[in-house]
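Here's the structure, in structure tokens; my notes come after.
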Amino acid sequence: QSALTQPASVSGSPGQSITISCTGTSSDVGGYNYVSWYQQHPDKAPKLMIYDVSKRPSGVSNRFSGSKSGNTASLTISGLQAEDGADYYCNSYTSSSSWVFGGGTKLTVL
Amino acid sequence: QLQLQESGPGLVKPSETLSLTCTVSGGSISSGSYYWGWIRQPPGKGLEWIGNIYYSGSTFYNPSLKSRVTISLDTSKNQFSLKLSSVTAADTAVYYCARRSGGSSYRDYWGQGTLVTVSS
């Protein structure tokens, strides 16, 4: 299975909004509402930020939101803060009853 | 508070079998509709899903690793395990165990990760 496609890097200034895309196929992102997003700081375990396309776990800031259109899912972070700088990964269920991650996106807060 | 902790050898020789255990505390692995799984991350690279096991014992594996992977449960010890056979340097990675809720992509609890290096 091929990794989902994410931009290698995105950047934004404090207070701005950014969006990270995650493109797959009709056999994964487009076929199921089982897309999640993880934030990972260096040498730390990933942290769940969004699940089931647009749901936010308890304790995650409402500055984080998710959506999906066709075969592309998106993570939007509004009101950027310095601590949002991290790597972000999308993850989707697939028609093979397996899961596939995106290649990851490095977010830099300028 | 649920906690997951990976354990196992940090160094494995090429062609041998990598074996890791995830010990779960603060909850039972045999209660509720949860999947217990493994994800890995080569140094400086992205995440890769390895596979998971349902609390009932059903297993699901990454198609690219399926021929080499076995995940099992030990409910008496509240642990689940990963075995990856015929390892090469490409299997060098930080290995994470994690819990996912059934019928959802809600993978909320993760271990801290353990680095396994494949080298002679």
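Every chain in the structure tokens takes a letter, A first, then B, and so on in the order presented; its residues are numbered from 1, and the ligands are numbered from 1 following the presented order.
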
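All chain A residues having an atom within 8 Å of chain B, based on only C-alpha atoms, amount to Gln1, Tyr34, Val35, Ser36, Lys44, Ala45, Pro46, Lys47, Leu48, Tyr51, Asp52, Tyr89, Ser92, Tyr93, Ser96, Ser97, Ser98, Trp99, Val100, Phe101, Gly102, Gly103 and Gly104 of chain A.
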
_Spatial neighbours of Gly85 (chain A), max dist 7 Å, only C-alpha atoms, sep filter under 4 positions, as a ChimeraX atom specification_ = /A:107-109

*Report the residues of chain B whose backbone DSSP state falls under strand (DSSP E), written as number ranges by chain.*
B: 3-7, 11-12, 18-25, 34-41, 48-54, 59-61, 69-74, 79-84, 93-101, 107-110, 114-118

*Could you work out how far CA of Ser9 (chain A) lies from CA of Gly70 (chain A), giving the answer in Å with one decimal?*
22.5 Å

*Val87 (chain B): which residues within 8 Å, counting only C-alpha atoms, same-chain residues fewer than 4 positions away excluded, as a PyMOL selection string?*
chain B and resi 13-18+91+118

Would you list the contacts of Thr19 (chain A) as a PDB file with C-alpha atoms, in the first residue's frame, taking every protein, DNA or RNA residue within 8 Å and counting only C-alpha atoms, but skipping same-chain residues closer than 3 positions in sequence?
ATOM      1  CA  SER A  74      -7.329  18.357   5.548  1.00  0.00           C
ATOM      2  CA  LEU A  75      -6.165  19.533   8.950  1.00  0.00           C
ATOM      3  CA  THR A  76      -6.580  23.222   9.717  1.00  0.00           C
ATOM      4  CA  ILE A  77      -4.887  24.948  12.628  1.00  0.00           C
TER       5      ILE A  77
END

*If we count only C-alpha atoms, what is near Ser95 (chain A) at a cut-off of 8 Å, once residues fewer than 3 positions away on the same chain are taken out, given as a count of residues only?*
4

*Contacts of Ser58 (chain B) within 10 Å, only C-alpha atoms, excl. fewer than 2 positions in-chain, as a PyMOL selection string*: chain B and resi 35+52-56+60+71-73

Write out, as a short mmCIF file (atom, residue, chain, number, x, y, z; two decimals), in the first residue's frame, the residues just selected, with C-alpha atoms.
data_model
loop_
_atom_site.label_atom_id
_atom_site.label_comp_id
_atom_site.auth_asym_id
_atom_site.auth_seq_id
_atom_site.Cartn_x
_atom_site.Cartn_y
_atom_site.Cartn_z
CA TYR B 35 -7.63 -3.00 18.92
CA ASN B 52 -3.13 -4.88 15.29
CA ILE B 53 -5.06 -7.48 17.22
CA TYR B 54 -8.65 -7.25 18.38
CA TYR B 55 -9.44 -8.07 22.00
CA SER B 56 -11.06 -11.25 20.70
CA PHE B 60 -4.82 -7.51 10.87
CA ILE B 71 0.91 -10.17 16.81
CA SER B 72 -0.50 -12.04 19.79
CA LEU B 73 -2.28 -11.42 23.10
#

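Comparing A:Cys22, A:Ala86, A:Leu4, A:Val53 by their smallest distance to His41 (chain A), the closest is A:Ala86 (using only C-alpha atoms).
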
Close residues, Gly79 (chain A) itself excluded, 10 Å, only C-alpha atoms, min 6 positions apart in chain, as a tab-separated table (two decimals) with C-alpha atoms, in the first residue's frame:
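File written: around-v9.tsv
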chain	number	residue	atom	x	y	z
A	12	GLY	CA	2.85	30.26	9.19
A	13	SER	CA	3.18	33.18	11.56
A	14	PRO	CA	1.67	33.27	15.05
A	15	GLY	CA	-2.05	33.98	14.89
A	16	GLN	CA	-2.40	32.86	11.29
A	17	SER	CA	-4.19	29.76	10.01
A	18	ILE	CA	-2.64	26.94	8.05
A	63	ARG	CA	-8.08	25.60	17.06
A	64	PHE	CA	-7.58	22.22	15.40

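Atom to atom, CA of Tyr32 (chain A) and CA of Lys68 (chain A) stand 10.2 Å apart.
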
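CA of Thr59 (chain B) lies 18.6 Å from CA of Ser76 (chain B).
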